[in-house]
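The next block is upload-v2.txt, given as compact mmCIF, C-alpha atoms and all ligand atoms.
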# COMPACT_ATOMS: atom_id res chain seq x y z
CA MET A 1 -16.74 16.31 -6.39
CA LYS A 2 -14.45 13.55 -5.25
CA ILE A 3 -14.18 14.64 -1.64
CA ASN A 4 -16.69 15.06 1.15
CA PRO A 5 -15.97 18.63 2.42
CA THR A 6 -16.96 17.93 6.05
CA PHE A 7 -14.88 14.78 6.30
CA SER A 8 -11.96 16.38 4.50
CA SER A 9 -11.87 19.40 6.83
CA MET A 10 -11.80 17.12 9.90
CA ILE A 11 -8.80 15.32 8.44
CA ARG A 12 -7.08 18.60 7.52
CA GLU A 13 -7.34 19.92 11.06
CA ILE A 14 -5.65 16.81 12.48
CA ARG A 15 -3.01 16.93 9.73
CA GLU A 16 -2.15 20.60 10.30
CA ASN A 17 -1.67 20.03 14.02
CA SER A 18 0.50 16.96 13.51
CA LEU A 19 2.61 18.47 10.70
CA LYS A 20 4.09 20.94 13.19
CA ASP A 21 6.17 18.08 14.62
CA ARG A 22 7.34 16.82 11.23
CA GLU A 23 10.78 15.18 11.12
CA HIS A 24 13.65 16.55 9.06
CA SER A 25 15.74 13.47 8.36
CA ARG A 26 17.08 13.24 4.79
CA ARG A 27 18.45 9.74 5.20
CA ILE A 28 17.51 7.09 2.62
CA VAL A 29 15.95 4.12 4.36
CA HIS A 30 16.57 0.79 2.66
CA TRP A 31 16.45 -2.92 3.38
CA VAL A 32 16.61 -6.30 1.64
CA GLU A 33 13.99 -9.02 2.14
CA ASP A 34 13.00 -12.36 0.62
CA HIS A 35 10.61 -11.84 -2.23
CA ARG A 36 8.63 -13.67 -4.88
CA LEU A 37 9.59 -12.31 -8.30
CA ARG A 38 7.60 -13.22 -11.41
CA SER A 39 10.48 -15.53 -12.33
CA GLY A 40 10.60 -17.23 -8.90
CA ALA A 41 12.13 -16.71 -5.47
CA GLY A 42 14.54 -13.80 -5.11
CA LYS A 43 15.15 -10.66 -3.10
CA ALA A 44 13.45 -7.31 -2.84
CA LEU A 45 15.63 -4.26 -2.36
CA VAL A 46 13.35 -1.64 -0.90
CA PHE A 47 14.12 2.10 -0.82
CA ILE A 48 12.21 4.85 0.91
CA LEU A 49 13.48 7.95 -0.86
CA PRO A 50 13.35 11.12 1.25
CA THR A 51 11.23 13.42 -0.95
CA ARG A 52 9.05 16.26 0.36
CA GLY A 53 6.25 13.69 0.69
CA CYS A 54 2.82 13.07 -0.74
CA SER A 55 1.26 16.13 -2.40
CA TRP A 56 -2.23 14.87 -1.50
CA ALA A 57 -1.34 14.73 2.19
CA LEU A 58 0.13 18.25 1.96
CA SER A 59 -2.88 19.65 0.09
CA LYS A 60 -5.89 21.46 1.52
CA SER A 61 -7.76 18.14 1.36
CA GLY A 62 -5.79 16.92 4.39
CA GLY A 63 -4.89 13.69 2.55
CA CYS A 64 -6.06 10.20 3.37
CA SER A 65 -7.76 9.51 6.69
CA ILE A 66 -5.51 6.55 7.43
CA CYS A 67 -2.07 7.77 6.38
CA GLY A 68 0.69 9.33 8.45
CA TYR A 69 3.64 8.70 6.13
CA ILE A 70 4.04 12.41 5.56
CA TYR A 71 5.41 12.90 9.08
CA ASP A 72 8.55 10.96 8.14
CA ASN A 73 9.39 12.97 5.01
CA PRO A 74 11.92 15.81 5.13
CA GLN A 75 10.69 19.31 4.41
CA GLN A 76 13.60 20.15 2.13
CA PRO A 77 14.98 17.17 0.26
CA ASP A 78 18.51 17.28 -1.12
CA PHE A 79 18.59 15.46 -4.44
CA ASP A 80 22.41 15.41 -4.74
CA ILE A 81 22.77 13.58 -1.43
CA MET A 82 19.87 11.32 -2.35
CA LEU A 83 21.39 10.29 -5.69
CA GLU A 84 24.84 9.78 -4.25
CA SER A 85 23.63 7.48 -1.49
CA PHE A 86 21.27 5.64 -3.83
CA GLN A 87 24.20 4.85 -6.13
CA LYS A 88 26.35 3.70 -3.22
CA ILE A 89 23.66 1.48 -1.69
CA LEU A 90 23.07 -0.25 -5.04
CA GLU A 91 26.81 -0.86 -5.43
CA ASP A 92 27.18 -2.24 -1.91
CA THR A 93 24.00 -4.30 -1.77
CA ILE A 94 23.36 -6.03 -5.10
CA GLU A 95 24.85 -9.53 -5.06
CA SER A 96 25.53 -11.31 -8.33
CA GLU A 97 23.88 -14.63 -7.37
CA TRP A 98 20.44 -13.13 -6.69
CA GLU A 99 17.67 -11.66 -8.81
CA TYR A 100 16.07 -8.53 -7.39
CA SER A 101 12.87 -6.60 -7.40
CA LEU A 102 13.80 -2.97 -6.81
CA LYS A 103 11.09 -1.13 -4.93
CA LEU A 104 11.36 2.63 -5.16
CA PHE A 105 9.02 4.16 -2.61
CA THR A 106 8.79 7.76 -1.46
CA SER A 107 5.95 7.50 1.06
CA GLY A 108 4.07 9.35 -1.66
CA SER A 109 4.26 9.13 -5.44
CA PHE A 110 7.54 8.44 -7.26
CA LEU A 111 5.94 9.82 -10.45
CA ASP A 112 4.88 13.14 -8.90
CA LYS A 113 7.24 15.77 -10.35
CA LYS A 114 6.83 17.88 -7.21
CA GLU A 115 8.33 15.01 -5.20
CA LEU A 116 10.91 13.90 -7.75
CA PRO A 117 11.52 16.16 -10.76
CA LEU A 118 11.61 14.27 -14.09
CA GLU A 119 15.38 14.71 -14.27
CA ILE A 120 15.82 12.98 -10.90
CA GLN A 121 13.40 10.18 -11.83
CA LYS A 122 15.48 9.73 -14.96
CA LYS A 123 18.80 9.53 -13.09
CA ILE A 124 17.45 6.99 -10.60
CA LEU A 125 16.05 4.78 -13.35
CA LYS A 126 19.25 5.02 -15.43
CA GLU A 127 21.35 4.02 -12.44
CA SER A 128 19.06 1.07 -11.71
CA SER A 129 19.32 -0.10 -15.33
CA LYS A 130 23.05 -0.71 -14.91
CA TYR A 131 22.33 -3.86 -12.88
CA ASP A 132 21.28 -6.99 -14.77
CA GLN A 133 20.29 -8.58 -11.48
CA ILE A 134 17.41 -6.11 -11.19
CA LYS A 135 14.56 -7.84 -12.98
CA GLU A 136 11.63 -5.80 -11.70
CA ILE A 137 11.26 -2.17 -10.66
CA VAL A 138 8.22 -1.17 -8.62
CA LEU A 139 7.23 2.51 -8.52
CA GLU A 140 4.38 3.68 -6.31
CA SER A 141 2.11 6.45 -7.52
CA ARG A 142 -1.32 8.00 -7.30
CA PRO A 143 -3.14 7.64 -10.65
CA GLU A 144 -3.08 11.35 -11.58
CA TYR A 145 0.70 11.27 -12.04
CA VAL A 146 0.59 8.39 -14.52
CA THR A 147 0.78 10.65 -17.57
CA ASP A 148 2.09 10.10 -21.11
CA ALA A 149 5.11 12.36 -20.44
CA VAL A 150 6.09 10.50 -17.28
CA LEU A 151 5.64 7.07 -18.92
CA GLN A 152 7.70 8.25 -21.89
CA ASN A 153 10.48 9.33 -19.55
CA ILE A 154 10.47 5.86 -17.97
CA ALA A 155 10.52 4.13 -21.36
CA GLU A 156 13.50 6.23 -22.48
CA ASN A 157 15.57 5.46 -19.41
CA THR A 158 14.89 1.85 -18.54
CA GLU A 159 13.38 -1.30 -19.96
CA ILE A 160 9.67 -0.53 -19.57
CA SER A 161 8.66 -4.22 -19.30
CA LYS A 162 10.54 -4.38 -15.98
CA ILE A 163 8.40 -1.61 -14.54
CA GLU A 164 5.41 -2.18 -12.30
CA ILE A 165 3.40 0.85 -11.23
CA ALA A 166 1.78 0.22 -7.87
CA ILE A 167 -1.30 2.29 -7.09
CA GLY A 168 -2.91 2.59 -3.67
CA LEU A 169 -6.44 2.11 -4.97
CA GLU A 170 -7.61 0.90 -1.53
CA SER A 171 -11.12 0.06 -2.76
CA ALA A 172 -12.97 -0.07 -6.07
CA ASN A 173 -15.99 1.50 -4.36
CA ASP A 174 -16.25 5.30 -4.89
CA ASP A 175 -18.32 5.80 -1.75
CA ILE A 176 -15.60 4.23 0.40
CA LEU A 177 -12.89 6.20 -1.41
CA GLN A 178 -14.74 9.44 -0.72
CA ASN A 179 -16.38 8.99 2.66
CA SER A 180 -14.08 6.61 4.44
CA ILE A 181 -10.60 7.32 3.08
CA ASN A 182 -10.76 10.79 1.50
CA LYS A 183 -8.71 9.37 -1.36
CA GLY A 184 -9.44 12.18 -3.80
CA PHE A 185 -9.80 9.88 -6.81
CA PHE A 186 -12.34 7.35 -7.99
CA TRP A 187 -12.30 3.89 -9.54
CA ASP A 188 -12.41 5.40 -13.07
CA ASP A 189 -9.17 7.28 -12.42
CA PHE A 190 -7.48 4.02 -11.52
CA VAL A 191 -8.86 2.38 -14.68
CA LYS A 192 -7.44 5.19 -16.86
CA ALA A 193 -4.00 4.98 -15.22
CA ALA A 194 -3.99 1.17 -15.51
CA GLU A 195 -4.88 1.30 -19.19
CA LYS A 196 -2.21 3.91 -19.95
CA THR A 197 0.42 1.91 -18.10
CA ARG A 198 -0.38 -1.30 -19.90
CA GLU A 199 -0.47 0.40 -23.31
CA LYS A 200 3.11 1.50 -22.69
CA GLY A 201 4.16 -2.07 -21.80
CA ALA A 202 4.53 -1.71 -18.03
CA LYS A 203 2.66 -3.69 -15.41
CA ILE A 204 0.24 -2.51 -12.81
CA LYS A 205 -0.37 -3.51 -9.23
CA ALA A 206 -3.23 -2.47 -6.96
CA TYR A 207 -3.07 -2.10 -3.20
CA LEU A 208 -6.34 -2.70 -1.40
CA LEU A 209 -6.88 -1.51 2.13
CA PHE A 210 -8.37 -3.94 4.55
CA LYS A 211 -10.64 -2.22 7.02
CA PRO A 212 -10.77 1.55 6.44
CA PRO A 213 -12.64 3.67 9.02
CA PHE A 214 -16.44 3.34 9.32
CA LEU A 215 -16.46 -0.07 7.65
CA SER A 216 -17.14 -3.07 9.78
CA GLU A 217 -14.78 -5.99 9.38
CA TYR A 218 -17.56 -7.94 7.66
CA ASP A 219 -18.28 -5.16 5.16
CA SER A 220 -14.59 -4.67 4.48
CA ILE A 221 -14.24 -8.38 3.64
CA GLN A 222 -17.10 -7.99 1.16
CA ASP A 223 -15.54 -4.83 -0.25
CA ILE A 224 -12.15 -6.50 -0.80
CA LEU A 225 -13.80 -9.43 -2.60
CA GLU A 226 -15.83 -7.11 -4.83
CA SER A 227 -12.78 -4.89 -5.52
CA VAL A 228 -10.60 -7.88 -6.44
CA SER A 229 -13.19 -9.09 -8.92
CA LYS A 230 -13.29 -5.66 -10.64
CA ILE A 231 -9.49 -5.43 -10.67
CA VAL A 232 -9.06 -8.92 -12.14
CA GLU A 233 -11.64 -8.13 -14.81
CA LEU A 234 -9.50 -5.16 -15.77
CA GLY A 235 -6.55 -7.50 -16.35
CA VAL A 236 -4.43 -6.45 -13.38
CA ASP A 237 -2.38 -9.45 -12.30
CA THR A 238 -1.04 -8.40 -8.89
CA VAL A 239 -3.11 -7.37 -5.91
CA SER A 240 -1.72 -6.55 -2.50
CA ILE A 241 -4.10 -6.61 0.43
CA ASN A 242 -2.73 -4.22 2.99
CA ALA A 243 -4.09 -4.82 6.45
CA ILE A 244 -4.45 -1.48 8.15
CA SER A 245 -1.99 -0.39 10.79
CA ILE A 246 -2.73 2.73 12.74
CA HIS A 247 -0.48 5.70 11.96
CA ARG A 248 -0.21 8.43 14.54
CA GLY A 249 -1.52 11.89 13.64
CA THR A 250 -4.38 10.58 11.52
CA PHE A 251 -8.16 10.62 11.63
CA LEU A 252 -8.11 6.84 12.09
CA SER A 253 -5.76 7.14 15.03
CA GLN A 254 -8.26 9.43 16.75
CA LEU A 255 -11.07 6.91 16.23
CA PHE A 256 -8.80 4.21 17.63
CA GLU A 257 -7.87 6.30 20.67
CA LYS A 258 -11.59 6.88 21.35
CA GLN A 259 -12.02 3.08 21.18
CA MET A 260 -14.26 3.37 18.15
CA TYR A 261 -12.15 1.17 15.91
CA ARG A 262 -10.54 -2.27 16.18
CA THR A 263 -7.72 -3.19 13.81
CA PRO A 264 -8.49 -6.25 11.66
CA TRP A 265 -8.42 -9.84 12.78
CA LEU A 266 -5.83 -12.15 11.26
CA TRP A 267 -8.61 -14.72 10.78
CA SER A 268 -10.22 -12.34 8.28
CA LEU A 269 -7.00 -12.07 6.29
CA LEU A 270 -6.63 -15.82 6.18
CA HIS A 271 -10.23 -16.11 5.03
CA LEU A 272 -9.71 -13.45 2.33
CA CYS A 273 -6.57 -15.08 0.94
CA ARG A 274 -8.29 -18.48 0.79
CA GLU A 275 -11.37 -17.09 -0.96
CA ILE A 276 -9.43 -15.01 -3.47
CA LYS A 277 -6.87 -17.65 -4.35
CA GLU A 278 -9.61 -20.23 -4.82
CA GLN A 279 -11.45 -17.96 -7.23
CA TYR A 280 -8.38 -16.56 -9.00
CA PRO A 281 -5.55 -19.12 -8.81
CA ASP A 282 -3.36 -17.20 -11.30
CA LEU A 283 -3.56 -13.87 -9.51
CA ARG A 284 -0.36 -12.84 -7.72
CA LEU A 285 -1.78 -12.13 -4.29
CA ILE A 286 0.23 -10.39 -1.62
CA CYS A 287 -0.89 -10.06 1.96
CA ASP A 288 0.99 -7.26 3.66
CA ILE A 289 0.76 -7.00 7.44
CA VAL A 290 2.50 -4.15 9.23
CA ALA A 291 2.67 -4.21 13.04
CA GLY A 292 0.97 -7.64 12.99
CA GLY A 293 0.15 -9.06 16.41
CA SER A 294 0.02 -5.62 18.07
CA GLU A 295 -2.98 -3.49 19.02
CA ARG A 296 -2.18 -0.99 16.25
CA GLY A 297 -1.89 -3.72 13.60
CA ALA A 298 -3.89 -6.78 12.52
CA HIS A 299 -4.11 -9.16 15.46
CA ASN A 300 -6.03 -12.03 17.06
CA CYS A 301 -5.91 -13.08 20.70
CA GLY A 302 -2.14 -13.01 21.11
CA THR A 303 -1.74 -16.79 21.27
CA CYS A 304 -2.29 -17.71 17.62
CA ASP A 305 -1.04 -14.46 16.00
CA LYS A 306 2.48 -15.61 15.20
CA ASP A 307 1.33 -18.81 13.52
CA ILE A 308 -1.15 -17.05 11.25
CA ILE A 309 1.28 -14.29 10.35
CA ALA A 310 3.88 -16.94 9.44
CA ILE A 311 1.36 -18.71 7.19
CA LEU A 312 0.38 -15.50 5.42
CA LYS A 313 4.03 -14.53 4.91
CA GLU A 314 4.94 -17.94 3.52
CA PHE A 315 1.93 -17.87 1.23
CA THR A 316 2.91 -14.43 -0.09
CA VAL A 317 6.43 -15.58 -0.95
CA THR A 318 5.49 -18.99 -2.41
CA GLN A 319 1.94 -18.33 -3.72
CA ASP A 320 1.23 -21.92 -2.66
CA SER A 321 -2.42 -21.97 -1.59
CA ASP A 322 -2.04 -25.33 0.23
CA ILE A 323 -0.23 -23.40 2.98
CA LEU A 324 -3.46 -21.53 3.69
CA ASP A 325 -5.26 -24.78 4.47
CA GLU A 326 -2.97 -25.63 7.36
CA GLU A 327 -5.22 -26.15 10.35
CA ILE A 328 -4.88 -23.70 13.22
CA LYS A 329 -6.98 -24.21 16.30
CA CYS A 330 -7.58 -21.38 18.71
CA SER A 331 -10.60 -20.49 20.81
CA CYS A 332 -10.55 -16.90 19.52
CA LYS A 333 -11.91 -18.08 16.18
CA THR A 334 -15.39 -18.25 17.70
CA GLU A 335 -14.90 -14.78 19.17
CA TRP A 336 -13.93 -13.50 15.71
CA LYS A 337 -17.10 -14.89 14.15
CA GLY A 338 -19.25 -13.21 16.80
CA PHE A 339 -17.33 -9.96 16.36
CA LEU A 340 -18.06 -9.87 12.61
CA PHE A 341 -21.75 -9.46 13.38
CA SER A 342 -21.69 -7.38 16.58
CA GLU A 343 -19.32 -4.77 15.10
CA LYS A 344 -21.49 -4.33 12.03
CA ILE A 345 -24.37 -3.27 14.27
CA SER A 346 -22.34 -0.93 16.52
CA ASN A 347 -20.71 0.66 13.46
CA SER A 348 -24.06 1.64 12.03
CA GLU A 349 -24.76 3.47 15.33
CA MET A 350 -21.36 5.22 15.16
CA LEU A 351 -21.99 6.39 11.61
CA ASN A 352 -24.95 8.46 12.80
CA LYS A 353 -22.51 10.63 14.75
CA TYR A 354 -20.63 11.74 11.63
S1 LIG B 401 -2.18 6.89 1.41
FE1 LIG B 401 -0.91 7.50 -0.34
S2 LIG B 401 -2.13 9.10 -1.35
FE2 LIG B 401 -2.98 8.87 0.69
S3 LIG B 401 -1.93 10.45 1.89
FE3 LIG B 401 -0.78 8.51 2.14
S4 LIG B 401 0.82 8.57 0.59
FE4 LIG B 401 -0.71 10.12 0.06
ZN ZN B 402 -6.27 -16.99 19.00
Show me this structure written as structure tokens.
Amino acid sequence: MKINPTFSSMIREIRENSLKDREHSRRIVHWVEDHRLRSGAGKALVFILPTRGCSWALSKSGGCSICGYIYDNPQQPDFDIMLESFQKILEDTIESEWEYSLKLFTSGSFLDKKELPLEIQKKILKESSKYDQIKEIVLESRPEYVTDAVLQNIAENTEISKIEIAIGLESANDDILQNSINKGFFWDDFVKAAEKTREKGAKIKAYLLFKPPFLSEYDSIQDILESVSKIVELGVDTVSINAISIHRGTFLSQLFEKQMYRTPWLWSLLHLCREIKEQYPDLRLICDIVAGGSERGAHNCGTCDKDIIAILKEFTVTQDSDILDEEIKCSCKTEWKGFLFSEKISNSEMLNKY
């Protein structure tokens, strides 16, 4: 059993209530940003394709306790419109002097046939292959959709070595996956998907979630360090640490509204990047901060937030660990250290309530 039935039913109830207000937009969202490709500095062209959304979030499990992406997906996607605008955006956006990483996100799983039928996956990949400037293609997926048939389809329609499959592993600890996130898969499932992907010649990336519900900041730091060591041992060469941001209509949002959860400190992220890069200098380490500096995202005291976010962003693009050693002085650093211990104690009291 990979879910905790009590936890899962709490999440489902919140999900069902929030799904009633689901949006219907079928518009493709896209943007271009600076990005570190394997070959050096370049651009990322990011797409959020309007599919029906994550099957896990729509299932009876209620989906992940932290995720509200499903509320932005349309209920009835139109693949003709999607393909037409995808084609047009590529034509209008790709510039000959840049190299690109194409990120094809769906707020779910690109490889899930219920979100994107194989034929549509094929057309999108074929279209992308027309552009020499596209050197990397990132596809997000849960591990259960990384099957031989799907990988074969990719290999037949694009250069498989350009592909990176990004999996939201969140943690390598099964207890956290089950009782904190309601992820619905375990570490072993990730390992199988990673091995299959690499056998086919594609690359794999793992997202780790910094500070899921019920974990104190201190314990989440330990969990990220332990997870990274397992992931590196497996031969995965890119890890993205995603600092939590609070999505509305989620279990986590309810904890936050009851003042039972504080979003992570930026000091912790700086500490994590330093520790990881020191131990694994060759690992491509990404630190992704959404809503940084706000109450619903990773933040410090408000005075030093911008400086730390700028350092973490620059480090992610350059991978230069010297940037992390830049000295930042702010009185909230002492507060952060005290918080690491006091929260651990109050969290153990909170856990007794669930
Ligand atoms: S985190 Fe990923 S798997 Fe979980 S509900 Fe959101 S999109 Fe689905
Ligand atoms: Zn500060």
How would you write, as a ChimeraX atom specification, the set of residues no farther than 7 Å from ligand LIG 401 (chain B) when counting only C-alpha atoms and all ligand atoms? /A:54-57,63-64,66-69,107-109,142,168,183
Surrounding residues of Ala193 in chain A excluding itself and chain neighbours under 2 positions, 12 Å, only C-alpha atoms, as a VMD selection string: chain A and resid 141 to 148 150 to 151 165 to 169 185 to 191 195 to 200 202 to 206 234 236
Which polymer residues, whether protein, DNA or RNA, lie within 12 Å of the coordinate (-7.5, -7.6, -8.8) when you count only C-alpha atoms? List them as a PyMOL selection string, using the chain letters and numbers from the file. chain A and resi 167+169-172+190-191+194+204-208+224-241+276-277+279-286
Neighbourhood of ligand ZN 402 (chain B) at 6 Å, counting all atoms listed in the file, reported as a list of chain:residue names: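 Answer in the requested format: A:Asn300, A:Cys301, A:Thr303, A:Cys304, A:Cys330, A:Ser331, A:Cys332.
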Using only C-alpha atoms, which protein or nucleic acid residues come within 9 Å of range 14-22 of chain A? Drop anything in the same chain fewer than 5 positions from it, and give the result as a PyMOL selection string. chain A and resi 9+57-58+62-63+68+70-75+248-251+254
Keeping C-alpha atoms for every residue in the selection just given, could you write it to a file as a PDB file, in the frame of the given file?
ATOM      1  CA  SER A   9     -11.870  19.400   6.830  1.00  0.00           C
ATOM      2  CA  ALA A  57      -1.340  14.730   2.190  1.00  0.00           C
ATOM      3  CA  LEU A  58       0.130  18.250   1.960  1.00  0.00           C
ATOM      4  CA  GLY A  62      -5.790  16.920   4.390  1.00  0.00           C
ATOM      5  CA  GLY A  63      -4.890  13.690   2.550  1.00  0.00           C
ATOM      6  CA  GLY A  68       0.690   9.330   8.450  1.00  0.00           C
ATOM      7  CA  ILE A  70       4.040  12.410   5.560  1.00  0.00           C
ATOM      8  CA  TYR A  71       5.410  12.900   9.080  1.00  0.00           C
ATOM      9  CA  ASP A  72       8.550  10.960   8.140  1.00  0.00           C
ATOM     10  CA  ASN A  73       9.390  12.970   5.010  1.00  0.00           C
ATOM     11  CA  PRO A  74      11.920  15.810   5.130  1.00  0.00           C
ATOM     12  CA  GLN A  75      10.690  19.310   4.410  1.00  0.00           C
ATOM     13  CA  ARG A 248      -0.210   8.430  14.540  1.00  0.00           C
ATOM     14  CA  GLY A 249      -1.520  11.890  13.640  1.00  0.00           C
ATOM     15  CA  THR A 250      -4.380  10.580  11.520  1.00  0.00           C
ATOM     16  CA  PHE A 251      -8.160  10.620  11.630  1.00  0.00           C
ATOM     17  CA  GLN A 254      -8.260   9.430  16.750  1.00  0.00           C
TER      18      GLN A 254
END
Two-atom distance - CA of Val46 in chain A, CA of Asp80 in chain A (Å):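 If I compute the distance from CA of Val46 in chain A to CA of Asp80 in chain A, I get 19.7 Å.
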Using only C-alpha atoms, pick whichever of A:Ser129, A:Thr51, A:Asn182, A:Ser59 has the shortest atom-to-atom distance to Asn4 in chain A. A:Asn182
Kindly give the distance, in Å, that separates CA of Pro213 in chain A and CA of Ser180 in chain A, rounded to a single decimal.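 A separation of 5.6 Å between them.
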Centre and edge lengths of an axis-aligned box around all listed atoms of range 33-40 of chain A, with 6 Å added on each side, are to be given in Å to one decimal, as lines of an AutoDock Vina configuration file.
center_x = 10.8
center_y = -13.1
center_z = -5.1
size_x = 18.4
size_y = 20.2
size_z = 26.5
One number please: CA of Ser342 in chain A to CA of Arg274 in chain A, in Å, one decimal. 23.5 Å
Between A:Ile160, A:His30, A:Phe105, A:Gly338, which one has atoms that come closest to Asp92 in chain A, using all atoms listed in the file?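 So, comparing all the options, the nearest one is A:His30.
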Any idea what's packed within 9 Å of Phe47 in chain A, counting only C-alpha atoms, ignoring anything in its chain fewer than 6 positions away? Could you give it as a ChimeraX atom specification? /A:28-31,86,102-106
Which residue, A:Thr6, A:Thr93, A:Ser216, A:Ser25, has the smallest gap to Ala44 in chain A when you use all atoms listed in the file?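 So, comparing all the options, the nearest one is A:Thr93.
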Measuring atom to atom with only C-alpha atoms, identify which of A:Ser65, A:Ser294, A:Gly302, A:Glu140 is nearest to Asn179 in chain A.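 Closest to Asn179 in chain A, using only C-alpha atoms: A:Ser65.
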Taking 4 positions as the minimum chain separation for residues in the same chain, which residues sit within 10 Å of Gln76 in chain A when counting only C-alpha atoms? Answer as a ChimeraX atom specification. /A:24-26,50-53
